[in-house]
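Coordinates as given in work-v1.tsv (TSV, C-alpha atoms):
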```
chain	number	residue	atom	x	y	z
F	1	MET	CA	0.00	0.00	0.00
F	2	ALA	CA	1.10	3.60	-0.53
F	3	ILE	CA	1.60	5.61	2.66
F	4	ILE	CA	2.27	9.25	3.55
F	5	LYS	CA	4.81	10.23	6.21
F	6	HIS	CA	5.39	13.70	7.63
F	7	ARG	CA	8.33	15.38	9.27
F	8	THR	CA	9.51	18.93	9.99
F	9	SER	CA	12.84	20.73	10.02
F	10	LYS	CA	14.18	23.77	11.89
F	11	ASN	CA	17.07	24.09	9.46
F	12	ALA	CA	17.10	27.59	7.93
F	13	ARG	CA	19.44	26.43	5.12
F	14	TYR	CA	16.77	25.65	2.53
F	15	THR	CA	19.50	24.82	0.02
F	16	ASP	CA	20.26	21.70	2.08
F	17	VAL	CA	16.92	20.20	1.01
F	18	LEU	CA	17.71	20.37	-2.71
F	19	GLU	CA	21.20	19.05	-1.99
F	20	TYR	CA	19.75	16.03	-0.19
F	21	TYR	CA	17.25	15.42	-2.96
F	22	SER	CA	19.92	15.59	-5.69
F	23	TYR	CA	23.03	14.03	-4.14
F	24	LYS	CA	23.85	10.81	-2.30
F	25	HIS	CA	23.54	10.87	1.49
F	26	GLN	CA	23.71	8.42	4.37
F	27	GLU	CA	22.35	8.65	7.90
F	28	ASP	CA	24.85	9.43	10.66
F	29	SER	CA	24.23	6.79	13.36
F	30	ARG	CA	25.39	9.20	16.09
F	31	THR	CA	23.24	12.23	15.23
F	32	GLY	CA	20.48	10.79	13.04
F	33	HIS	CA	21.22	13.47	10.47
F	34	TYR	CA	21.91	12.69	6.83
F	35	GLU	CA	25.44	13.45	5.68
F	36	PRO	CA	26.59	13.70	2.04
F	37	ILE	CA	28.63	10.84	0.58
F	38	LEU	CA	31.71	12.38	-1.01
F	39	ASP	CA	33.90	10.92	-3.73
F	40	GLU	CA	37.68	10.48	-3.54
F	41	TYR	CA	38.12	14.17	-4.35
F	42	GLY	CA	35.75	15.34	-1.61
F	43	LEU	CA	32.97	16.23	-4.06
F	44	LEU	CA	29.26	15.49	-3.87
F	45	GLN	CA	28.04	12.49	-5.84
F	46	GLU	CA	24.84	12.90	-7.83
F	47	ARG	CA	22.05	10.42	-7.12
F	48	GLU	CA	20.94	7.84	-9.63
F	49	ASN	CA	17.30	7.38	-10.66
F	50	TYR	CA	15.98	10.64	-9.29
F	51	ALA	CA	14.08	13.69	-10.52
F	52	VAL	CA	13.25	17.07	-8.98
F	53	ALA	CA	10.64	19.73	-9.71
F	54	TYR	CA	9.51	23.02	-8.18
F	55	ILE	CA	5.95	24.36	-8.10
F	56	SER	CA	5.83	27.98	-7.01
F	57	ALA	CA	3.26	29.43	-4.63
F	58	GLN	CA	1.49	30.83	-7.69
F	59	GLY	CA	1.10	27.31	-9.12
F	60	SER	CA	3.62	27.54	-11.96
F	61	GLU	CA	6.58	25.20	-12.51
F	62	ASP	CA	10.02	26.75	-12.24
F	63	ASP	CA	13.70	25.99	-11.75
F	64	PRO	CA	14.23	23.96	-8.52
F	65	GLN	CA	17.27	26.13	-7.79
F	66	LEU	CA	14.86	29.01	-7.08
F	67	TRP	CA	12.93	27.24	-4.32
F	68	ALA	CA	15.25	28.16	-1.44
F	69	LEU	CA	15.32	31.84	-2.39
F	70	ALA	CA	11.52	31.92	-2.68
F	71	CYS	CA	11.17	30.47	0.83
F	72	MET	CA	13.55	33.03	2.32
F	73	ARG	CA	11.77	35.91	0.58
F	74	THR	CA	8.43	34.76	1.96
F	75	ASN	CA	9.86	34.57	5.48
F	76	GLN	CA	11.18	38.11	5.18
F	77	ALA	CA	7.95	39.43	3.72
F	78	PHE	CA	5.84	38.11	6.60
F	79	HIS	CA	8.50	38.35	9.32
F	80	LYS	CA	8.21	34.63	10.06
F	81	ASN	CA	10.77	31.89	10.78
F	82	GLN	CA	13.20	34.34	12.35
F	83	SER	CA	13.95	32.21	15.41
F	84	ARG	CA	16.10	29.07	15.62
F	85	LYS	CA	13.23	27.18	17.27
F	86	ASP	CA	10.79	27.89	14.41
F	87	ARG	CA	9.90	25.04	12.07
F	88	LYS	CA	11.22	26.25	8.75
F	89	SER	CA	9.85	23.53	6.47
F	90	HIS	CA	7.51	20.55	6.32
F	91	GLU	CA	8.14	17.40	4.32
F	92	TYR	CA	5.63	14.82	3.12
F	93	ILE	CA	6.89	11.50	1.80
F	94	ILE	CA	4.66	9.30	-0.34
F	95	SER	CA	6.04	5.77	-0.40
F	96	HIS	CA	4.78	3.09	-2.79
F	97	PRO	CA	5.09	-0.69	-2.24
F	98	GLU	CA	7.50	-2.69	-4.35
F	99	GLU	CA	4.69	-4.20	-6.42
F	100	ASP	CA	3.79	-0.73	-7.79
F	101	ARG	CA	7.20	-0.25	-9.43
F	102	PRO	CA	6.37	-1.96	-12.77
F	103	ARG	CA	3.23	0.18	-13.03
F	104	MET	CA	4.91	3.59	-12.58
F	105	THR	CA	7.55	5.49	-14.51
F	106	MET	CA	9.67	8.31	-13.14
F	107	GLU	CA	7.32	10.75	-14.85
F	108	ASP	CA	4.29	9.05	-13.26
F	109	LEU	CA	5.78	9.49	-9.79
F	110	LEU	CA	6.73	13.09	-10.44
F	111	ASN	CA	3.20	13.80	-11.70
F	112	GLU	CA	1.77	12.26	-8.54
F	113	GLY	CA	3.88	14.62	-6.44
F	114	LYS	CA	2.71	17.59	-8.50
F	115	ALA	CA	-0.92	16.49	-8.18
F	116	PHE	CA	-0.52	16.21	-4.39
F	117	VAL	CA	0.85	19.75	-4.20
F	118	ARG	CA	-1.82	21.27	-6.44
F	119	GLU	CA	-4.63	19.57	-4.52
F	120	ASN	CA	-3.42	19.84	-0.93
F	121	LEU	CA	-0.69	22.50	-0.65
F	122	GLN	CA	-1.89	25.49	-2.64
F	123	GLY	CA	-0.12	28.75	-1.86
F	124	TYR	CA	3.15	27.14	-0.75
F	125	ASP	CA	6.46	27.00	-2.57
F	126	ALA	CA	6.90	23.25	-2.99
F	127	LEU	CA	10.01	21.28	-3.93
F	128	ILE	CA	9.32	17.76	-5.22
F	129	ALA	CA	11.78	14.89	-5.62
F	130	VAL	CA	11.40	11.30	-6.76
F	131	HIS	CA	13.86	8.67	-5.51
F	132	ARG	CA	13.99	5.15	-6.93
F	133	ASP	CA	17.18	4.00	-5.20
F	134	THR	CA	15.43	1.63	-2.77
F	135	ASP	CA	12.93	-1.21	-3.16
F	136	ASN	CA	10.14	1.29	-2.49
F	137	ASP	CA	9.77	4.22	-4.86
F	138	HIS	CA	9.12	7.35	-2.86
F	139	ILE	CA	8.17	10.96	-3.51
F	140	HIS	CA	9.52	13.76	-1.29
F	141	ILE	CA	7.57	17.02	-1.07
F	142	SER	CA	9.06	19.90	0.94
F	143	ILE	CA	7.25	23.18	1.52
F	144	ASN	CA	8.18	26.34	3.32
F	145	SER	CA	6.26	26.41	6.59
F	146	VAL	CA	4.93	29.88	5.69
F	147	ARG	CA	2.32	30.15	2.95
F	148	ALA	CA	3.28	32.74	0.33
F	149	GLU	CA	-0.19	33.08	-1.25
F	150	SER	CA	-3.75	32.81	0.05
F	151	ARG	CA	-5.82	29.75	-0.84
F	152	LYS	CA	-9.45	28.69	-1.04
F	153	GLU	CA	-11.31	27.43	2.03
F	154	GLN	CA	-11.65	23.65	2.28
F	155	PRO	CA	-13.95	21.51	4.53
F	156	TRP	CA	-11.00	19.84	6.30
F	157	MET	CA	-9.39	23.08	7.47
F	158	MET	CA	-9.20	23.84	11.19
F	159	LYS	CA	-12.06	25.90	12.62
F	160	ASN	CA	-12.73	27.89	15.77
F	161	GLU	CA	-15.52	27.19	18.27
F	162	ALA	CA	-18.01	29.05	16.08
F	163	GLY	CA	-17.20	26.78	13.12
F	164	ILE	CA	-15.33	29.50	11.21
F	165	THR	CA	-12.15	28.45	9.39
F	166	LEU	CA	-9.04	29.85	11.05
F	167	PRO	CA	-7.34	32.65	9.10
F	168	CYS	CA	-3.97	30.86	9.29
F	169	GLU	CA	-5.45	28.11	7.11
F	170	ILE	CA	-6.34	30.50	4.29
F	171	ASN	CA	-4.42	33.76	4.37
F	172	ALA	CA	-0.99	34.41	2.95
F	173	GLY	CA	1.60	34.40	5.73
F	174	GLY	CA	-0.12	31.60	7.63
F	175	LYS	CA	2.00	28.79	9.05
F	176	HIS	CA	1.33	25.29	7.79
F	177	GLN	CA	-0.75	23.11	10.13
F	178	ASN	CA	-0.33	19.33	9.93
F	179	SER	CA	-3.64	18.80	11.70
F	180	PRO	CA	-5.40	15.42	12.12
F	181	GLU	CA	-8.06	16.66	9.69
F	182	PHE	CA	-5.41	17.47	7.09
F	183	ARG	CA	-3.76	14.07	7.51
F	184	ASP	CA	-7.10	12.31	7.08
F	185	HIS	CA	-7.78	14.37	3.97
F	186	CYS	CA	-4.38	13.47	2.50
F	187	ASN	CA	-4.93	9.77	3.15
F	188	ASP	CA	-8.32	9.96	1.43
F	189	TRP	CA	-6.69	11.74	-1.50
F	190	LEU	CA	-4.01	9.05	-1.76
F	191	LEU	CA	-6.60	6.25	-1.65
F	192	ASN	CA	-8.52	7.89	-4.49
F	193	TYR	CA	-5.36	8.52	-6.49
F	194	THR	CA	-4.14	4.92	-6.24
F	195	HIS	CA	-7.58	3.64	-7.19
F	196	GLU	CA	-7.82	5.89	-10.23
F	197	HIS	CA	-4.34	4.91	-11.44
F	198	GLY	CA	-4.63	1.15	-10.87
F	199	LEU	CA	-2.10	1.05	-8.03
F	200	THR	CA	-2.07	-0.95	-4.79
F	201	GLU	CA	-4.93	0.28	-2.60
F	202	LYS	CA	-5.31	0.36	1.14
F	203	ASP	CA	-7.39	2.65	3.34
F	204	ASN	CA	-4.84	4.18	5.73
F	205	ASN	CA	-7.54	6.06	7.63
F	206	ALA	CA	-9.46	2.84	8.27
F	207	ILE	CA	-6.26	1.16	9.47
F	208	ALA	CA	-5.53	4.09	11.80
F	209	ARG	CA	-9.08	3.99	13.24
F	210	GLN	CA	-8.76	0.27	13.89
F	211	ARG	CA	-5.43	0.72	15.66
F	212	ARG	CA	-6.83	3.53	17.81
F	213	ALA	CA	-9.82	1.38	18.72
F	214	GLU	CA	-7.53	-1.52	19.68
F	215	HIS	CA	-5.36	0.84	21.72
F	216	TYR	CA	-8.29	2.28	23.69
F	217	SER	CA	-9.82	-1.16	24.09
F	218	GLY	CA	-6.59	-2.34	25.67
F	219	LYS	CA	-6.49	0.69	27.94
F	220	ASN	CA	-10.10	0.15	29.04
F	221	ARG	CA	-9.41	-3.52	29.74
F	222	GLN	CA	-6.36	-2.60	31.82
F	223	LEU	CA	-8.39	-0.02	33.76
F	224	LYS	CA	-11.13	-2.56	34.44
F	225	GLU	CA	-8.63	-5.11	35.72
F	226	THR	CA	-7.01	-2.47	37.95
F	227	LEU	CA	-10.37	-1.49	39.44
F	228	LEU	CA	-11.37	-5.09	40.10
F	229	LEU	CA	-8.02	-5.85	41.72
F	230	ALA	CA	-8.22	-2.79	43.93
F	231	ALA	CA	-11.83	-3.51	44.89
F	232	SER	CA	-10.95	-7.06	45.95
F	233	HIS	CA	-8.65	-5.68	48.65
F	234	CYS	CA	-11.01	-3.01	49.97
F	235	HIS	CA	-13.84	-3.18	52.49
F	236	SER	CA	-15.49	0.17	51.77
F	237	LEU	CA	-15.96	2.70	48.97
F	238	GLU	CA	-13.83	5.22	50.83
F	239	GLU	CA	-10.97	2.72	51.11
F	240	LEU	CA	-11.25	2.00	47.36
F	241	LYS	CA	-11.14	5.72	46.58
F	242	THR	CA	-8.03	6.19	48.74
F	243	ARG	CA	-6.28	3.20	47.19
F	244	LEU	CA	-7.00	4.33	43.60
F	245	GLN	CA	-5.87	7.89	44.34
F	246	TYR	CA	-2.61	6.53	45.81
F	247	SER	CA	-2.04	4.39	42.69
F	248	ALA	CA	-2.68	7.35	40.41
F	249	GLU	CA	-0.15	9.49	42.29
F	250	ARG	CA	2.47	6.75	42.09
F	251	CYS	CA	1.85	6.34	38.35
F	252	GLU	CA	2.47	10.04	37.84
F	253	ASP	CA	5.69	9.86	39.87
F	254	PHE	CA	7.08	6.93	37.89
F	255	ALA	CA	5.66	7.66	34.42
F	256	SER	CA	8.82	9.39	33.25
F	257	ASP	CA	10.83	6.27	34.17
F	258	GLY	CA	8.49	3.91	32.29
F	259	VAL	CA	7.47	2.07	35.49
F	260	THR	CA	4.05	0.39	35.58
F	261	VAL	CA	2.35	0.55	39.00
F	262	SER	CA	-0.50	-1.78	39.97
F	263	ALA	CA	-3.26	-0.86	42.34
```

As structure tokens - that is how I would like this structure written.
Amino acid sequence: MAIIKHRTSKNARYTDVLEYYSYKHQEDSRTGHYEPILDEYGLLQERENYAVAYISAQGSEDDPQLWALACMRTNQAFHKNQSRKDRKSHEYIISHPEEDRPRMTMEDLLNEGKAFVRENLQGYDALIAVHRDTDNDHIHISINSVRAESRKEQPWMMKNEAGITLPCEINAGGKHQNSPEFRDHCNDWLLNYTHEHGLTEKDNNAIARQRRAEHYSGKNRQLKETLLLAASHCHSLEELKTRLQYSAERCEDFASDGVTVSA
């Protein structure tokens, strides 16, 4: 099945993204960061089986070399991303299973990335890369965390208590929000896209709902067992209340150490 992953970066060097997309890197086991693989002369080595594209905030395709400059100009225009702690960019990674490889060309994958941007990330400067150097073809999509242009209101956008869509979801200068509603929308989009293009289908939202249900079911079962165990050692409701309160306080004390405390 195809899946979508999300991650963020506080790195203000937007040029590093294009460098990673275009040249060979390996993960540093000590830091978890990706470091370039240099040749015998200390030069970067270009990737094999890759492609990059840039869709501007206005929706036009342009030179990928211009993406970093566009992001920095947007930050300056709206006085955003000026602090080291600010999230400078968001990345979405669409990964396809191995069985989809014979059904998709490099151009097909690149077009999928462009379709994702045009449907879900309007108003952002988006850098797209396709990598086919592993068993699973994957599409990287990086956007500046600040939207350069306004966009149309969509049903999945975050709303206030009155049901009105938040301005940060629509207006230029708003920061990107990877909300649960947005993630659900993206998974629905991917399911429809794979269906329409004859690719491996799987409903990621349904899988997530099932896992959440199993998680909460397990928690409820554990709570029930804890209550029954505590009740078996108590002779009054007040004693049960005291015992449960004591257990809860101990759980809070030891939670950071990963210790499980029974009633």

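Closest to Ser179 (chain F) among F:His197, F:Lys159, F:His25, F:Arg84 is F:Lys159, based on only C-alpha atoms.
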
Task: Among listed residues F:Gly42, F:Tyr54, F:Tyr20, F:Phe182, nearest Asn111 (chain F) (using only C-alpha atoms) - done: F:Tyr54

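What separates CA of Glu48 (chain F) from CA of Thr200 (chain F) is a distance of 25.1 Å.
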
Open item on the list: So that I can see what lies close to region 56-61 of chain F, please list as a count of residues only the residues with an atom at most 7 Å from it, counting all atoms listed in the file and leaving out residues fewer than 2 positions away in the same chain.
Closed with: 8

I'd like the contact shell of Arg101 (chain F) - 10 Å cut-off, all atoms listed in the file, skipping same-chain residues fewer than 6 positions apart - returned as a PDB file with C-alpha atoms, in the coordinates of the input.
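Listing of selection.pdb after writing:
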```pdb
ATOM      1  CA  LEU F 109       5.780   9.490  -9.790  1.00  0.00           C
ATOM      2  CA  ARG F 132      13.990   5.150  -6.930  1.00  0.00           C
ATOM      3  CA  ASP F 135      12.930  -1.210  -3.160  1.00  0.00           C
ATOM      4  CA  ASN F 136      10.140   1.290  -2.490  1.00  0.00           C
ATOM      5  CA  ASP F 137       9.770   4.220  -4.860  1.00  0.00           C
ATOM      6  CA  LEU F 199      -2.100   1.050  -8.030  1.00  0.00           C
TER       7      LEU F 199
END
```

Task: Contacts of Val17 (chain F) within 12 Å, only C-alpha atoms, excl. fewer than 6 positions in-chain, as a ChimeraX atom specification - done: /F:8-11,23,25,34-36,52,64-65,67-68,71,88-91,126-129,140-144

Report the closest atom pair, with its distance in Å rounded to one decimal, for each residue of region 134-229 of chain F that has an atom no farther than 9 Å from region 77-83 of chain F; count all atoms listed in the file, sort by chain and then rising residue number, and write it as CSV.
```
residue,atom,partner,partner_atom,distance
F:Ser145,CA,F:Asn81,CA,8.2
F:Val146,CA,F:Lys80,CA,7.2
F:Ala148,CA,F:Phe78,CA,8.6
F:Ala172,CA,F:Phe78,CA,8.6
F:Gly173,CA,F:Phe78,CA,5.7
F:Gly174,CA,F:Phe78,CA,8.9
F:Lys175,CA,F:Lys80,CA,8.6
```

Include C-alpha atoms and write out the residues we just selected as a CSV table (one decimal), keeping the file's coordinate frame.
```
chain,number,residue,atom,x,y,z
F,145,SER,CA,6.3,26.4,6.6
F,146,VAL,CA,4.9,29.9,5.7
F,148,ALA,CA,3.3,32.7,0.3
F,172,ALA,CA,-1.0,34.4,3.0
F,173,GLY,CA,1.6,34.4,5.7
F,174,GLY,CA,-0.1,31.6,7.6
F,175,LYS,CA,2.0,28.8,9.0
```

Task: Between CA of Trp189 (chain F) and CA of Ala115 (chain F) - distance in Å to one decimal - done: 10.0 Å

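Note that the spacing between CA of Leu69 (chain F) and CA of Ser22 (chain F) amounts to 17.2 Å.
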
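Proximity ranking of F:Arg30, F:Arg47, F:His131, F:His96 relative to Ala2 (chain F) places F:His96 first, based on all atoms listed in the file.
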
- [ ] Give as a VMD selection string every residue, naming chains and numbers as the document does, that has an atom within 12 Å of (-12.2, 25.9, 6.5), counting only C-alpha atoms.
- [x] chain F and resid 151 to 160 162 to 171 181 to 182

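Residue nearest Ile93 (chain F) within the list F:Ala231, F:Cys186, F:Leu44, F:Ile139: F:Ile139 [criterion: smallest interatomic distance, only C-alpha atoms].
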
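In this comparison, which uses all atoms listed in the file, the residue of F:Asp133, F:Asn120, F:Gln76, F:Ala51 approaching Met106 (chain F) most closely is F:Ala51.
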
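Shortest atom-to-atom contact with Arg7 (chain F) among F:Asn75, F:Gln177, F:Ser150, F:Thr134: F:Gln177, counting only C-alpha atoms.
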
Your completed region 109-135 of chain F with N, CA and C atoms, as a compact mmCIF listing (two decimals), in the coordinates of the input:
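Final output, saved to selection33.txt:
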```
# COMPACT_ATOMS: atom_id res chain seq x y z
N LEU F 109 5.55 9.14 -11.19
CA LEU F 109 5.78 9.49 -9.79
C LEU F 109 5.88 11.00 -9.60
N LEU F 110 6.58 11.64 -10.53
CA LEU F 110 6.73 13.09 -10.44
C LEU F 110 5.36 13.77 -10.60
N ASN F 111 4.55 13.25 -11.51
CA ASN F 111 3.20 13.80 -11.70
C ASN F 111 2.34 13.60 -10.47
N GLU F 112 2.53 12.49 -9.78
CA GLU F 112 1.77 12.26 -8.54
C GLU F 112 2.14 13.31 -7.50
N GLY F 113 3.43 13.59 -7.38
CA GLY F 113 3.88 14.62 -6.44
C GLY F 113 3.29 15.98 -6.78
N LYS F 114 3.27 16.31 -8.06
CA LYS F 114 2.71 17.59 -8.50
C LYS F 114 1.21 17.64 -8.21
N ALA F 115 0.52 16.54 -8.45
CA ALA F 115 -0.92 16.49 -8.18
C ALA F 115 -1.19 16.68 -6.69
N PHE F 116 -0.36 16.07 -5.85
CA PHE F 116 -0.52 16.21 -4.39
C PHE F 116 -0.37 17.67 -3.98
N VAL F 117 0.62 18.35 -4.53
CA VAL F 117 0.85 19.75 -4.20
C VAL F 117 -0.32 20.61 -4.66
N ARG F 118 -0.75 20.43 -5.89
CA ARG F 118 -1.82 21.27 -6.44
C ARG F 118 -3.15 21.07 -5.72
N GLU F 119 -3.38 19.87 -5.20
CA GLU F 119 -4.63 19.57 -4.52
C GLU F 119 -4.60 19.94 -3.05
N ASN F 120 -3.46 19.75 -2.39
CA ASN F 120 -3.42 19.84 -0.93
C ASN F 120 -2.56 20.97 -0.37
N LEU F 121 -1.66 21.53 -1.17
CA LEU F 121 -0.69 22.50 -0.65
C LEU F 121 -0.67 23.77 -1.48
N GLN F 122 -1.83 24.26 -1.86
CA GLN F 122 -1.89 25.49 -2.64
C GLN F 122 -1.34 26.66 -1.82
N GLY F 123 -0.64 27.55 -2.51
CA GLY F 123 -0.12 28.75 -1.86
C GLY F 123 1.27 28.60 -1.28
N TYR F 124 1.80 27.38 -1.27
CA TYR F 124 3.15 27.14 -0.75
C TYR F 124 4.15 26.96 -1.89
N ASP F 125 5.38 27.36 -1.66
CA ASP F 125 6.46 27.00 -2.57
C ASP F 125 6.84 25.56 -2.25
N ALA F 126 6.72 24.68 -3.23
CA ALA F 126 6.90 23.25 -2.99
C ALA F 126 8.01 22.67 -3.87
N LEU F 127 8.93 21.97 -3.24
CA LEU F 127 10.01 21.28 -3.93
C LEU F 127 9.69 19.79 -3.91
N ILE F 128 9.71 19.17 -5.08
CA ILE F 128 9.32 17.76 -5.22
C ILE F 128 10.51 16.96 -5.72
N ALA F 129 10.71 15.78 -5.15
CA ALA F 129 11.78 14.89 -5.62
C ALA F 129 11.28 13.46 -5.64
N VAL F 130 11.71 12.72 -6.66
CA VAL F 130 11.40 11.30 -6.76
C VAL F 130 12.70 10.52 -6.61
N HIS F 131 12.70 9.54 -5.71
CA HIS F 131 13.86 8.67 -5.51
C HIS F 131 13.46 7.22 -5.79
N ARG F 132 14.25 6.55 -6.61
CA ARG F 132 13.99 5.15 -6.93
C ARG F 132 15.22 4.30 -6.60
N ASP F 133 15.94 4.69 -5.55
CA ASP F 133 17.18 4.00 -5.20
C ASP F 133 16.98 2.97 -4.09
N THR F 134 15.74 2.69 -3.73
CA THR F 134 15.43 1.63 -2.77
C THR F 134 14.36 0.73 -3.38
N ASP F 135 13.97 -0.32 -2.66
CA ASP F 135 12.93 -1.21 -3.16
C ASP F 135 11.60 -0.49 -3.30
```
